[in-house]
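Pasting structure.txt here (compact mmCIF, C-alpha atoms):
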```txt
# COMPACT_ATOMS: atom_id res chain seq x y z
CA MET H 1 -25.12 -29.44 40.92
CA GLN H 2 -24.51 -33.13 41.62
CA LEU H 3 -21.69 -34.35 39.35
CA ARG H 4 -20.93 -37.87 38.19
CA THR H 5 -17.41 -39.20 38.51
CA LEU H 6 -15.31 -40.25 35.51
CA PRO H 7 -12.60 -42.96 35.63
CA ASP H 8 -9.20 -41.41 34.97
CA THR H 9 -7.51 -44.36 33.26
CA GLU H 10 -4.01 -43.52 32.02
CA ARG H 11 -3.63 -43.51 28.25
CA GLY H 12 -0.73 -43.21 25.87
CA CYS H 13 -1.13 -39.43 25.90
CA GLY H 14 -1.44 -39.22 29.69
CA THR H 15 -4.37 -38.63 32.04
CA LEU H 16 -7.34 -36.29 32.14
CA LYS H 17 -6.72 -32.76 33.38
CA GLU H 18 -8.99 -30.71 35.60
CA GLY H 19 -10.39 -27.73 33.73
CA GLY H 20 -10.17 -29.57 30.40
CA PHE H 21 -12.92 -30.22 27.86
CA TYR H 22 -12.92 -33.65 26.22
CA CYS H 23 -14.87 -35.41 23.50
CA ARG H 24 -15.27 -39.06 24.42
CA GLY H 25 -16.67 -42.34 23.20
CA ASP H 26 -18.08 -44.03 26.28
CA ARG H 27 -18.38 -47.81 25.98
CA SER H 28 -21.09 -50.14 27.14
CA PRO H 29 -21.66 -53.93 26.99
CA ASN H 30 -24.92 -53.15 25.18
CA GLY H 31 -23.50 -50.52 22.84
CA THR H 32 -24.66 -50.41 19.23
CA LEU H 33 -21.74 -48.50 17.67
CA GLN H 34 -18.30 -49.89 16.83
CA ALA H 35 -15.64 -48.58 19.20
CA TRP H 36 -13.10 -49.04 16.38
CA VAL H 37 -13.39 -49.53 12.60
CA TRP H 38 -10.38 -49.67 10.29
CA ALA H 39 -10.42 -47.09 7.46
CA LEU H 40 -7.46 -48.35 5.43
CA GLY H 41 -6.54 -47.96 1.79
CA GLN H 42 -4.61 -50.52 -0.22
CA HIS H 43 -1.26 -49.36 1.25
CA ILE H 44 0.43 -50.13 -2.04
CA ILE H 45 2.39 -47.38 -3.78
CA GLY H 46 0.34 -46.12 -6.71
CA GLY H 47 -2.81 -47.82 -5.43
CA GLN H 48 -5.97 -46.48 -3.82
CA ASN H 49 -4.85 -44.83 -0.60
CA TYR H 50 -6.29 -42.40 1.94
CA THR H 51 -3.40 -39.92 2.05
CA VAL H 52 -5.18 -37.25 4.09
CA THR H 53 -3.33 -34.52 5.96
CA VAL H 54 -4.75 -32.97 9.12
CA PRO H 55 -2.80 -30.30 11.04
CA ALA H 56 -1.93 -31.39 14.57
CA ARG H 57 -4.43 -30.18 17.21
CA GLN H 58 -6.78 -28.86 14.53
CA MET H 59 -9.80 -31.14 14.54
CA GLN H 60 -11.87 -30.49 11.40
CA VAL H 61 -15.46 -31.11 10.32
CA ILE H 62 -15.71 -33.23 7.17
CA ASN H 63 -18.19 -34.91 4.88
CA LEU H 64 -17.66 -38.54 5.90
CA PRO H 65 -19.10 -40.51 2.95
CA GLN H 66 -17.58 -38.23 0.31
CA THR H 67 -14.18 -38.29 2.03
CA LEU H 68 -14.20 -42.09 2.04
CA LEU H 69 -15.50 -42.37 -1.53
CA ARG H 70 -13.25 -39.74 -3.09
CA MET H 71 -10.26 -40.82 -0.97
CA ARG H 72 -9.42 -37.22 -0.09
CA LEU H 73 -10.62 -34.78 2.55
CA VAL H 74 -14.00 -33.26 1.62
CA SER H 75 -15.27 -30.57 3.97
CA ASP H 76 -18.52 -29.57 2.22
CA VAL H 77 -21.34 -31.15 4.24
CA LYS H 78 -24.12 -29.31 2.39
CA GLU H 79 -23.94 -31.68 -0.57
CA PRO H 80 -23.85 -35.12 1.06
CA ARG H 81 -23.89 -37.16 -2.13
CA GLY H 82 -22.66 -34.99 -4.96
CA ASP H 83 -22.02 -36.63 -8.31
CA ILE H 84 -20.24 -39.76 -7.12
CA ARG H 85 -21.24 -43.40 -7.06
CA TRP H 86 -23.12 -44.43 -3.93
CA THR H 87 -23.22 -47.89 -2.35
CA ASP H 88 -25.02 -49.42 0.62
CA ASN H 89 -21.91 -49.00 2.80
CA PHE H 90 -22.02 -45.25 2.43
CA GLU H 91 -25.79 -44.89 2.39
CA ARG H 92 -25.84 -45.76 6.10
CA LEU H 93 -23.06 -43.36 7.13
CA PRO H 94 -23.71 -40.03 8.86
CA VAL H 95 -22.74 -37.15 6.61
CA VAL H 96 -21.03 -35.02 9.26
CA ALA H 97 -17.94 -36.26 11.10
CA VAL H 98 -14.74 -34.81 12.56
CA ILE H 99 -11.18 -35.80 11.72
CA ASP H 100 -8.15 -35.61 14.00
CA HIS H 101 -4.41 -36.32 13.78
CA ILE H 102 -2.73 -38.76 16.18
CA GLY H 103 0.65 -37.64 17.43
CA ALA H 104 3.53 -40.05 16.81
CA ASP H 105 5.21 -39.00 20.07
CA ASN H 106 2.60 -40.85 22.13
CA TYR H 107 1.27 -43.55 19.80
CA THR H 108 2.14 -45.83 16.96
CA PRO H 109 -0.76 -46.53 14.58
CA TRP H 110 -1.11 -49.97 16.18
CA SER H 111 -1.05 -48.79 19.80
CA PHE H 112 -3.64 -46.08 19.16
CA ALA H 113 -5.99 -48.48 17.40
CA GLN H 114 -5.78 -50.92 20.31
CA GLU H 115 -6.34 -48.21 22.92
CA CYS H 116 -9.31 -46.78 21.08
CA ARG H 117 -10.84 -50.24 20.63
CA ASP H 118 -10.34 -51.11 24.30
CA MET H 119 -11.14 -47.75 25.92
CA GLY H 120 -12.94 -45.62 23.36
CA PRO H 121 -11.60 -42.28 22.12
CA SER H 122 -10.84 -39.36 24.43
CA ARG H 123 -9.54 -36.14 22.86
CA ARG H 124 -8.98 -32.83 24.63
CA ILE H 125 -10.53 -29.92 22.73
CA PRO H 126 -11.11 -26.18 23.23
CA GLU H 127 -14.32 -25.12 24.97
CA ASN H 128 -15.79 -23.50 21.84
CA VAL H 129 -15.22 -26.69 19.83
CA ALA H 130 -16.77 -28.82 22.59
CA LYS H 131 -19.91 -26.67 22.52
CA VAL H 132 -20.31 -27.29 18.80
CA ILE H 133 -19.58 -31.04 18.88
CA ALA H 134 -21.88 -31.58 21.86
CA GLN H 135 -24.86 -30.58 19.71
CA HIS H 136 -24.16 -33.37 17.20
CA CYS H 137 -23.37 -36.39 19.38
CA PRO H 138 -23.10 -39.20 18.65
CA MET H 139 -20.88 -38.43 15.68
CA PRO H 140 -18.03 -40.30 13.98
CA ILE H 141 -14.41 -39.28 14.43
CA LEU H 142 -11.72 -40.27 11.93
CA PHE H 143 -8.06 -40.52 12.83
CA THR H 144 -4.91 -40.09 10.76
CA HIS H 145 -1.32 -40.99 11.65
CA SER H 146 1.94 -39.93 9.98
CA ASP H 147 3.65 -43.33 10.24
CA MET H 148 1.38 -45.29 7.91
CA PRO H 149 3.29 -47.44 5.41
CA LEU H 150 2.98 -47.57 1.65
CA VAL H 151 4.65 -50.63 0.12
CA ASP H 152 6.00 -51.07 -3.39
CA GLU H 153 4.25 -54.02 -5.00
CA ARG H 154 7.64 -55.53 -5.90
CA VAL H 155 8.45 -56.17 -2.21
CA LEU H 156 4.92 -57.04 -1.13
CA ASP H 157 5.72 -60.71 -0.58
CA GLU H 158 8.79 -59.99 1.56
CA VAL H 159 6.91 -57.52 3.75
CA SER H 160 4.01 -59.95 4.11
CA ARG H 161 6.34 -62.71 5.27
CA TRP H 162 8.07 -60.34 7.74
CA ALA H 163 4.74 -59.42 9.31
CA ASP H 164 3.25 -62.93 9.01
CA VAL H 165 0.29 -61.63 7.00
CA PRO H 166 -2.32 -64.43 6.83
CA ALA H 167 -3.20 -66.02 3.53
CA GLY H 168 -6.44 -64.57 2.23
CA ALA H 169 -5.90 -61.14 3.80
CA ALA H 170 -7.88 -58.28 2.23
CA PHE H 171 -6.03 -55.85 -0.03
CA GLU H 172 -8.85 -53.56 -1.11
CA PRO H 173 -9.64 -50.32 0.74
CA ALA H 174 -11.56 -51.35 3.86
CA PRO H 175 -14.56 -49.01 3.40
CA PHE H 176 -15.27 -50.57 0.00
CA ALA H 177 -15.50 -54.11 1.37
CA PRO H 178 -18.97 -55.69 1.59
CA ARG H 179 -20.86 -55.00 4.84
CA TRP H 180 -18.22 -52.55 6.13
CA GLY H 181 -19.75 -50.03 8.50
CA LEU H 182 -19.74 -48.26 11.86
CA ASN H 183 -22.44 -50.26 13.65
CA ARG H 184 -21.62 -53.07 16.04
CA ASN H 185 -22.48 -55.99 13.74
CA ASP H 186 -20.83 -54.52 10.63
CA TYR H 187 -17.55 -55.71 9.14
CA ARG H 188 -14.77 -53.47 10.45
CA GLY H 189 -11.81 -54.43 8.29
CA ASP H 190 -10.01 -56.71 10.76
CA ASP H 191 -8.56 -58.93 8.00
CA HIS H 192 -6.82 -56.13 6.10
CA TRP H 193 -3.26 -57.06 5.15
CA ILE H 194 -1.60 -53.93 6.55
CA ILE H 195 -2.82 -54.55 10.13
CA PRO H 196 -0.21 -57.27 10.88
CA VAL H 197 2.41 -54.95 9.36
CA LEU H 198 1.35 -52.15 11.74
CA GLU H 199 1.54 -54.58 14.65
CA GLN H 200 5.00 -55.81 13.65
CA LEU H 201 6.25 -52.24 13.19
CA HIS H 202 5.00 -51.46 16.70
CA ARG H 203 6.42 -54.57 18.40
CA SER H 204 9.84 -54.29 16.74
CA LYS H 205 9.94 -50.49 17.24
CA ALA H 206 10.64 -50.17 13.54
CA THR H 207 10.27 -46.69 12.04
CA ALA H 208 11.07 -44.97 8.77
CA ASN H 209 14.47 -44.05 10.22
CA ASN H 210 15.56 -47.56 11.30
CA LEU H 211 13.60 -49.84 8.98
CA ILE H 212 16.79 -51.11 7.35
CA LYS H 213 17.69 -52.74 10.69
CA HIS H 214 14.61 -54.93 10.43
CA LEU H 215 14.32 -55.63 6.71
CA PRO H 216 16.80 -56.16 3.86
CA ALA H 217 17.88 -52.87 2.32
CA PRO H 218 16.13 -53.44 -1.05
CA VAL H 219 12.88 -54.07 0.83
CA ALA H 220 13.23 -51.20 3.30
CA GLU H 221 14.04 -48.79 0.49
CA ASN H 222 10.73 -49.62 -1.19
CA ILE H 223 8.53 -48.74 1.77
CA LEU H 224 7.33 -45.16 2.27
CA PHE H 225 5.67 -43.63 5.31
CA ALA H 226 2.98 -40.97 4.94
CA GLU H 227 0.04 -39.53 6.84
CA GLN H 228 -3.02 -41.60 6.01
CA LEU H 229 -6.37 -42.54 7.48
CA LEU H 230 -6.13 -45.16 10.22
CA GLY H 231 -9.62 -45.77 11.57
CA ILE H 232 -12.94 -44.42 12.79
CA SER H 233 -14.60 -44.30 16.19
CA TRP H 234 -17.49 -42.38 17.75
CA ILE H 235 -17.85 -39.35 19.98
CA THR H 236 -20.83 -39.99 22.24
CA ARG H 237 -20.53 -36.98 24.56
CA CYS H 238 -18.44 -34.00 25.57
CA VAL H 239 -17.40 -33.56 29.20
CA TYR H 240 -15.77 -30.89 31.32
CA ILE H 241 -13.44 -31.98 34.12
CA ALA H 242 -14.63 -29.62 36.85
CA PRO H 243 -12.01 -28.58 39.39
CA GLU H 244 -12.85 -28.24 43.04
CA GLY H 245 -14.41 -24.90 43.84
CA GLU H 246 -15.94 -24.34 40.37
CA SER H 247 -18.97 -22.05 40.72
CA GLU H 248 -22.49 -23.39 40.30
CA GLU H 249 -23.15 -20.68 37.72
CA ARG H 250 -20.21 -21.81 35.60
CA LEU H 251 -21.19 -25.48 35.85
CA GLN H 252 -24.79 -24.72 34.90
CA ASP H 253 -23.68 -22.67 31.89
CA ILE H 254 -21.53 -25.57 30.67
CA PHE H 255 -24.34 -28.07 31.26
CA ASN H 256 -26.80 -25.89 29.33
CA SER H 257 -24.46 -25.97 26.32
CA GLY H 258 -24.77 -29.76 26.14
CA ILE H 259 -21.50 -30.57 27.91
CA GLU H 260 -21.54 -32.67 31.06
CA PRO H 261 -19.44 -31.42 34.00
CA VAL H 262 -17.83 -34.37 35.80
CA ARG H 263 -15.31 -35.10 38.57
CA LEU H 264 -12.36 -37.46 38.28
CA ASP H 265 -12.37 -40.87 39.95
CA ASN H 266 -9.99 -43.84 40.12
CA PRO H 267 -9.55 -46.04 37.01
CA LEU H 268 -12.07 -48.82 36.43
CA ASP H 269 -11.65 -52.03 34.45
CA ASP H 270 -14.07 -52.57 31.55
CA ASP H 271 -13.78 -55.17 28.79
CA ALA H 272 -16.60 -53.92 26.54
CA GLU H 273 -15.71 -53.14 22.94
CA ALA H 274 -18.74 -51.14 21.78
CA ILE H 275 -20.05 -47.66 22.45
```
Taking this structure as input, can you express it in the form of C-alpha cells?
Amino acid sequence: MQLRTLPDTERGCGTLKEGGFYCRGDRSPNGTLQAWVWALGQHIIGGQNYTVTVPARQMQVINLPQTLLRMRLVSDVKEPRGDIRWTDNFERLPVVAVIDHIGADNYTPWSFAQECRDMGPSRRIPENVAKVIAQHCPMPILFTHSDMPLVDERVLDEVSRWADVPAGAAFEPAPFAPRWGLNRNDYRGDDHWIIPVLEQLHRSKATANNLIKHLPAPVAENILFAEQLLGISWITRCVYIAPEGESEERLQDIFNSGIEPVRLDNPLDDDAEAI
C-alpha cells in the first residue's frame, strides 16, 4: 500500500508517535469549517457558565446543541432537540460531537486555542475509538480546560483593566450570540471579554496559585478557576502512524475501517486557518 506522508510539526504536547492513532483536523486554504470557535460562558460568578467536567484521556460522545443550550454535558444523542428552546445558531449544528479535556501540564487555555487555530486539532486516541470516530468525520470536537477563570462581578472592572479588555467586548455566552457557528463565515466569539484575560494569564504565567503576585489581593481573592468549555474545532479524519515494517495485511485492515495509514515527514509551514 502506498502511504502519504504527514508533517510532524511539534506541538505543546510533543510530536506524533509511530504506532499511534490520531484524530485530526486537517486545514486547507479553501476549507469551509472553522478551525477554532470559542465556546465561552459569561465567566462571571453566578452567571451563565459552561462548567463541564471531562475525565482526562476519556474522550466522550455528546449531544452538541443540547450541551450548549443547557450549559451542561448532555450525552443522549437520540433526542437531538428535546423540550428546550431552539434558535438558528443551534439548528445548523451537528447533533453528535466528542468532548475532550486539555491537560494543564502542556497548555494554558490561551496557548491551546492558538495552536488549534493555527494547526488544527490532533489528539491521540485508542484504536477502537479511532474506528468509531472515523465513521462520523467530519465531526465537531469540544475542549475543556481546568484553568478557566470565573470573576466576581465586584472586581470585573479591575480585571478588565489588568487584561486591557476592549470597550464593547461581549459578555454573553458566545454560542448565544447572533450568527455564532462552526462554519468558516460564522461569528466565532473573538470579541468575548474573557479572551484578553486568558491571554494575559498566559503571558504573565499567572495561575490560581500565584495570582496575588499579579493582582491586588482583594481582586485575586475574587477570581475562581474551574474546568469549563474553551472552544470547538473539527475532526476531519483519523490516521494511523505506520511504523516501518508494518504488514500489508495490517495496513489494509486499518484502511478498511476508515482510518488512513500514513508515514511521518518533516514539518511544513501552513498559514491557513480553516479546515
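Across the structure, atom CA of H:Gly12 and atom CA of H:Ala104 are spaced 10.5 Å apart.
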Open item on the list: Which residue is closest to H:Ile223? Choose from H:Ala167, H:Cys238, H:Val159, H:Leu182 and count all atoms listed in the file.
Closed with: H:Val159
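Between atom CA of H:Leu40 and atom CA of H:Glu91 there is a distance of 18.9 Å.
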Please determine the residues with any atom at most 10 Å from (-11.7, -36.4, 42.4) (coordinates as given in the file, with only C-alpha atoms counting) and report them as an mmCIF file with C-alpha atoms, in the coordinates of the input.
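selection06.cif, freshly written:
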```
data_model
loop_
_atom_site.group_PDB
_atom_site.id
_atom_site.type_symbol
_atom_site.label_atom_id
_atom_site.label_comp_id
_atom_site.auth_asym_id
_atom_site.auth_seq_id
_atom_site.Cartn_x
_atom_site.Cartn_y
_atom_site.Cartn_z
ATOM 1 C CA THR H 5 -17.410 -39.200 38.510
ATOM 2 C CA LEU H 6 -15.310 -40.250 35.510
ATOM 3 C CA PRO H 7 -12.600 -42.960 35.630
ATOM 4 C CA ASP H 8 -9.200 -41.410 34.970
ATOM 5 C CA GLU H 18 -8.990 -30.710 35.600
ATOM 6 C CA ILE H 241 -13.440 -31.980 34.120
ATOM 7 C CA ALA H 242 -14.630 -29.620 36.850
ATOM 8 C CA PRO H 243 -12.010 -28.580 39.390
ATOM 9 C CA GLU H 244 -12.850 -28.240 43.040
ATOM 10 C CA VAL H 262 -17.830 -34.370 35.800
ATOM 11 C CA ARG H 263 -15.310 -35.100 38.570
ATOM 12 C CA LEU H 264 -12.360 -37.460 38.280
ATOM 13 C CA ASP H 265 -12.370 -40.870 39.950
ATOM 14 C CA ASN H 266 -9.990 -43.840 40.120
#
```
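Ranking H:Tyr50, H:Tyr187, H:Ile44, H:Tyr240 by their shortest atom-to-atom distance to H:Asn222, with all atoms listed in the file included, puts H:Ile44 first.
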Open item on the list: At a cut-off of 12 Å, using only C-alpha atoms, what residues contact H:His145? Leave out same-chain residues fewer than 2 positions from it and give the result as a PyMOL selection string.
Closed with: chain H and resi 39-40+50-56+99-113+142-143+147-149+198+225-231
Open item on the list: Report as a PyMOL selection string all protein, DNA and RNA residues lying within 8 Å of H:Val165, evaluated on all atoms listed in the file, omitting residues in the same chain fewer than 2 positions from it.
Closed with: chain H and resi 160-163+167+169+193-194+196-197
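The smallest atom-to-atom distance between H:Arg72 and any of H:Leu93, H:Glu249, H:Gln48, H:Pro261, using only C-alpha atoms, is found for H:Gln48.
Taking atom CA of H:Cys13 as the reference point, atom CA of H:Gly25 is found at 16.0 Å.
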- [ ] Write out as a PyMOL selection string each polymer residue whose atoms come within 12 Å of H:Ile133, counting all atoms listed in the file; drop sequence neighbours fewer than 4 positions from it.
- [x] chain H and resi 21-24+59-61+96-98+123+125-129+137-141+234-239+257-259
Let's have the selection written as a CSV table (one decimal), keeping the file's coordinate frame, with C-alpha atoms.
```csv
chain,number,residue,atom,x,y,z
H,21,PHE,CA,-12.9,-30.2,27.9
H,22,TYR,CA,-12.9,-33.6,26.2
H,23,CYS,CA,-14.9,-35.4,23.5
H,24,ARG,CA,-15.3,-39.1,24.4
H,59,MET,CA,-9.8,-31.1,14.5
H,60,GLN,CA,-11.9,-30.5,11.4
H,61,VAL,CA,-15.5,-31.1,10.3
H,96,VAL,CA,-21.0,-35.0,9.3
H,97,ALA,CA,-17.9,-36.3,11.1
H,98,VAL,CA,-14.7,-34.8,12.6
H,123,ARG,CA,-9.5,-36.1,22.9
H,125,ILE,CA,-10.5,-29.9,22.7
H,126,PRO,CA,-11.1,-26.2,23.2
H,127,GLU,CA,-14.3,-25.1,25.0
H,128,ASN,CA,-15.8,-23.5,21.8
H,129,VAL,CA,-15.2,-26.7,19.8
H,137,CYS,CA,-23.4,-36.4,19.4
H,138,PRO,CA,-23.1,-39.2,18.6
H,139,MET,CA,-20.9,-38.4,15.7
H,140,PRO,CA,-18.0,-40.3,14.0
H,141,ILE,CA,-14.4,-39.3,14.4
H,234,TRP,CA,-17.5,-42.4,17.8
H,235,ILE,CA,-17.8,-39.4,20.0
H,236,THR,CA,-20.8,-40.0,22.2
H,237,ARG,CA,-20.5,-37.0,24.6
H,238,CYS,CA,-18.4,-34.0,25.6
H,239,VAL,CA,-17.4,-33.6,29.2
H,257,SER,CA,-24.5,-26.0,26.3
H,258,GLY,CA,-24.8,-29.8,26.1
H,259,ILE,CA,-21.5,-30.6,27.9
```
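Remark: for H:Ala170, the closest of the candidate residues H:Ala134, H:Val155, H:Ile195, H:Leu73 is H:Ile195 (distances computed over only C-alpha atoms).
Minimum distance to H:His192 across H:Val95, H:Ala177, H:Leu215, H:Ala35 (counting all atoms listed in the file) occurs at H:Ala177.
Shortest atom-to-atom contact with H:Val37 among H:Ala130, H:Leu201, H:Cys116, H:Ala220: H:Cys116, counting only C-alpha atoms.
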